[in-house]
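Asks: Got a structure here, written out as structure tokens. Questions coming.
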Amino acid sequence: MKIASWNINSIKARLPNVLQWLESAQPEVLLLQELKGISENFPTSEMENLGYNCAINGQKAYNGVAILSKYPMDEINFGLPDYDEDQQARYIEAWVRITDKTGLRIASIYAPNGNPVDSEKFSYKIDWMDHLIEHSKTLLNKEEVVVLGGDYNVIPADEDCYDPIAWQNDALTRPESRSRFRALLNLGYTEAWRSLNKETHVYSFWDYQAGAWHKDNGIRIDHLLLSPQAADKLETCTIDKKPRGQTKASDHTPVWCEISI
DNA sequence: ATGGTCGGTCCCCGA
């Protein structure tokens, strides 16, 4: 079972890239972030033509997340539970039903960026992550195969950044942000890519500005977190850099893992 | 060469 996550920075602008990647990579599930449009404008029929069911949590202009799945989806959660005051579309979760008795729970996550750190945007980031931690705990109690994938907007360690000094006061590296990400791992989740790779300075995002892609000035902020039941079945995890080098690329590139289920 | 980006929308904001 191949599960991918990709912040596409507008589904409207990126549709050809996404369709092409789906046809060549053939994941069973693709988690999307930054749709930048309302759910009604999501290109559902184009995805269905490739055999994907769509669960969409969109909003006007900003944010927006979706799950594409070759299997049917049930029990869809739009937004984090017990966080009604959150006005931003940053979370969607579904039960992916493989058979009547087997399946897995998958979420598409777009955590807040949080910059600048002296603003309410940073406190919102931390508050949002605290709510994600709380919900992640309740998911573990079910003892299911769980994959929480998406743009966490956290650089887990300095080795995941091309220039840690330049980023040391950024919301993506602040100790408050890293401690929330680490809390998810300490609960029992495994970060798929790092668990299988010792390599440093491998990235999932390169800014559009200042030739960042060509200089490989990137950061690794897109992560697949696995419950113990999922981590036991993890076979591979890959960051596919190819889409970032194409024309009209997103500033993120897909990360995907294979789970023997 | 003192610049160099996108995408969505309301002429600026977010990343």
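In the structure tokens, the first chain shown is A, the next is B, and so on; residue numbers restart at 1 for each chain, and ligands run from 1 in the order shown.
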Can you check which residues of chain A have any atom within 12 Å of chain B? Use only C-alpha atoms (C1' of nucleotides) and format it as number ranges by chain.
Replies: A: 7-14, 34-38, 59-63, 112-116, 121, 153, 205-213, 248-252
Asks: Store the residues of this selection in a file with N, CA and C atoms, as an mmCIF file, in the first residue's frame.
Replies:
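Wrote it out as out.cif, contents follow:
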```cif
data_model
loop_
_atom_site.group_PDB
_atom_site.id
_atom_site.type_symbol
_atom_site.label_atom_id
_atom_site.label_comp_id
_atom_site.auth_asym_id
_atom_site.auth_seq_id
_atom_site.Cartn_x
_atom_site.Cartn_y
_atom_site.Cartn_z
ATOM 1 N N ASN A 7 2.124 18.823 -0.606
ATOM 2 C CA ASN A 7 1.601 20.196 -0.557
ATOM 3 C C ASN A 7 1.736 20.765 -1.964
ATOM 4 N N ILE A 8 0.600 20.988 -2.608
ATOM 5 C CA ILE A 8 0.603 21.314 -4.036
ATOM 6 C C ILE A 8 0.482 22.811 -4.316
ATOM 7 N N ASN A 9 0.234 23.630 -3.273
ATOM 8 C CA ASN A 9 0.164 25.096 -3.436
ATOM 9 C C ASN A 9 -0.799 25.485 -4.564
ATOM 10 N N SER A 10 -2.067 25.184 -4.344
ATOM 11 C CA SER A 10 -3.200 25.450 -5.259
ATOM 12 C C SER A 10 -3.476 24.269 -6.194
ATOM 13 N N ILE A 11 -4.603 23.601 -5.989
ATOM 14 C CA ILE A 11 -4.992 22.488 -6.867
ATOM 15 C C ILE A 11 -5.340 23.008 -8.252
ATOM 16 N N LYS A 12 -5.854 24.238 -8.319
ATOM 17 C CA LYS A 12 -6.221 24.805 -9.622
ATOM 18 C C LYS A 12 -4.968 25.000 -10.482
ATOM 19 N N ALA A 13 -3.922 25.562 -9.875
ATOM 20 C CA ALA A 13 -2.684 25.824 -10.621
ATOM 21 C C ALA A 13 -1.902 24.538 -10.891
ATOM 22 N N ARG A 14 -2.120 23.505 -10.063
ATOM 23 C CA ARG A 14 -1.240 22.332 -10.103
ATOM 24 C C ARG A 14 -1.891 21.094 -10.706
ATOM 25 N N GLU A 34 -2.793 22.547 0.983
ATOM 26 C CA GLU A 34 -2.863 23.861 0.321
ATOM 27 C C GLU A 34 -3.631 23.811 -0.996
ATOM 28 N N LEU A 35 -4.873 23.369 -0.895
ATOM 29 C CA LEU A 35 -5.744 23.370 -2.084
ATOM 30 C C LEU A 35 -5.980 24.796 -2.566
ATOM 31 N N LYS A 36 -6.109 25.728 -1.633
ATOM 32 C CA LYS A 36 -6.356 27.157 -1.931
ATOM 33 C C LYS A 36 -7.651 27.380 -2.690
ATOM 34 N N GLY A 37 -8.669 26.622 -2.339
ATOM 35 C CA GLY A 37 -9.972 26.816 -2.960
ATOM 36 C C GLY A 37 -11.048 26.070 -2.202
ATOM 37 N N ILE A 38 -12.304 26.409 -2.495
ATOM 38 C CA ILE A 38 -13.425 25.767 -1.808
ATOM 39 C C ILE A 38 -13.608 24.335 -2.321
ATOM 40 N N GLN A 59 -11.354 25.588 1.612
ATOM 41 C CA GLN A 59 -11.860 26.906 1.995
ATOM 42 C C GLN A 59 -11.365 27.914 0.954
ATOM 43 N N LYS A 60 -11.973 29.082 0.957
ATOM 44 C CA LYS A 60 -11.628 30.091 -0.038
ATOM 45 C C LYS A 60 -10.195 30.602 0.146
ATOM 46 N N ALA A 61 -9.439 30.595 -0.919
ATOM 47 C CA ALA A 61 -8.142 31.274 -1.042
ATOM 48 C C ALA A 61 -6.970 30.635 -0.293
ATOM 49 N N TYR A 62 -7.224 30.134 0.930
ATOM 50 C CA TYR A 62 -6.096 29.661 1.738
ATOM 51 C C TYR A 62 -6.313 28.225 2.225
ATOM 52 N N ASN A 63 -5.228 27.593 2.620
ATOM 53 C CA ASN A 63 -5.262 26.287 3.285
ATOM 54 C C ASN A 63 -5.990 25.250 2.426
ATOM 55 N N PRO A 112 -0.085 25.086 10.763
ATOM 56 C CA PRO A 112 0.190 26.504 10.487
ATOM 57 C C PRO A 112 1.679 26.783 10.366
ATOM 58 N N ASN A 113 2.023 27.742 9.503
ATOM 59 C CA ASN A 113 3.416 28.160 9.327
ATOM 60 C C ASN A 113 3.939 28.817 10.610
ATOM 61 N N GLY A 114 3.196 29.773 11.155
ATOM 62 C CA GLY A 114 3.549 30.358 12.453
ATOM 63 C C GLY A 114 4.429 31.581 12.437
ATOM 64 N N ASN A 115 4.874 32.014 11.285
ATOM 65 C CA ASN A 115 5.676 33.241 11.229
ATOM 66 C C ASN A 115 4.770 34.465 11.063
ATOM 67 N N PRO A 116 5.201 35.627 11.633
ATOM 68 C CA PRO A 116 6.392 35.818 12.476
ATOM 69 C C PRO A 116 6.185 35.338 13.912
ATOM 70 N N LYS A 121 0.151 34.572 15.106
ATOM 71 C CA LYS A 121 0.268 33.438 14.190
ATOM 72 C C LYS A 121 1.100 32.316 14.817
ATOM 73 N N ASN A 153 5.077 21.881 8.816
ATOM 74 C CA ASN A 153 5.728 23.178 8.998
ATOM 75 C C ASN A 153 6.686 23.158 10.196
ATOM 76 N N PHE A 205 10.966 20.761 0.572
ATOM 77 C CA PHE A 205 10.506 22.102 0.184
ATOM 78 C C PHE A 205 11.693 22.964 -0.209
ATOM 79 N N TRP A 206 11.513 23.680 -1.307
ATOM 80 C CA TRP A 206 12.498 24.672 -1.751
ATOM 81 C C TRP A 206 11.726 25.919 -2.137
ATOM 82 N N ASP A 207 12.105 27.061 -1.564
ATOM 83 C CA ASP A 207 11.419 28.326 -1.842
ATOM 84 C C ASP A 207 11.481 28.655 -3.334
ATOM 85 N N TYR A 208 10.442 29.357 -3.801
ATOM 86 C CA TYR A 208 10.465 29.834 -5.192
ATOM 87 C C TYR A 208 11.547 30.904 -5.396
ATOM 88 N N GLN A 209 11.912 31.601 -4.324
ATOM 89 C CA GLN A 209 12.776 32.771 -4.446
ATOM 90 C C GLN A 209 14.256 32.403 -4.444
ATOM 91 N N ALA A 210 15.042 33.299 -5.030
ATOM 92 C CA ALA A 210 16.508 33.306 -4.896
ATOM 93 C C ALA A 210 17.167 32.023 -5.399
ATOM 94 N N GLY A 211 16.545 31.357 -6.346
ATOM 95 C CA GLY A 211 17.149 30.157 -6.928
ATOM 96 C C GLY A 211 17.343 29.028 -5.939
ATOM 97 N N ALA A 212 16.459 28.948 -4.949
ATOM 98 C CA ALA A 212 16.630 27.959 -3.872
ATOM 99 C C ALA A 212 16.688 26.523 -4.412
ATOM 100 N N TRP A 213 15.849 26.217 -5.377
ATOM 101 C CA TRP A 213 15.824 24.848 -5.928
ATOM 102 C C TRP A 213 17.164 24.506 -6.571
ATOM 103 N N LYS A 248 6.068 24.884 -13.748
ATOM 104 C CA LYS A 248 4.882 25.191 -12.936
ATOM 105 C C LYS A 248 4.812 24.274 -11.711
ATOM 106 N N ALA A 249 5.974 24.065 -11.068
ATOM 107 C CA ALA A 249 6.043 23.151 -9.925
ATOM 108 C C ALA A 249 5.491 23.800 -8.662
ATOM 109 N N SER A 250 5.002 22.960 -7.752
ATOM 110 C CA SER A 250 4.769 23.406 -6.379
ATOM 111 C C SER A 250 6.117 23.668 -5.727
ATOM 112 N N ASP A 251 6.136 24.426 -4.632
ATOM 113 C CA ASP A 251 7.395 24.600 -3.900
ATOM 114 C C ASP A 251 7.707 23.388 -3.003
ATOM 115 N N HIS A 252 6.744 22.477 -2.865
ATOM 116 C CA HIS A 252 6.971 21.203 -2.151
ATOM 117 C C HIS A 252 7.040 20.056 -3.163
#
```
Asks: Hey, can you check how far CA of Ile239 (chain A) sits from CA of Ser204 (chain A)?
Replies: 6.8 Å
Asks: Just the residues within 7 Å of Cys161 (chain A), please, counting only C-alpha atoms (C1' of nucleotides), with nothing from its chain fewer than 2 positions along; format it as a ChimeraX atom specification.
Replies: /A:155,158-159,163-164,201,218-220
Asks: Using DSSP assignments from the backbone, pull out every residue in region 67-238 of chain A that falls under alpha helix (DSSP H) and give it to me as a PyMOL selection string.
Replies: chain A and resi 120-141+175-187+192-196+228-231
Asks: Of the candidates A:Gln229, A:Asn217, A:Asp130, A:Lys125, which shows the shortest atom-to-atom distance to Ala166 (chain A), using only C-alpha atoms?
Replies: A:Asn217
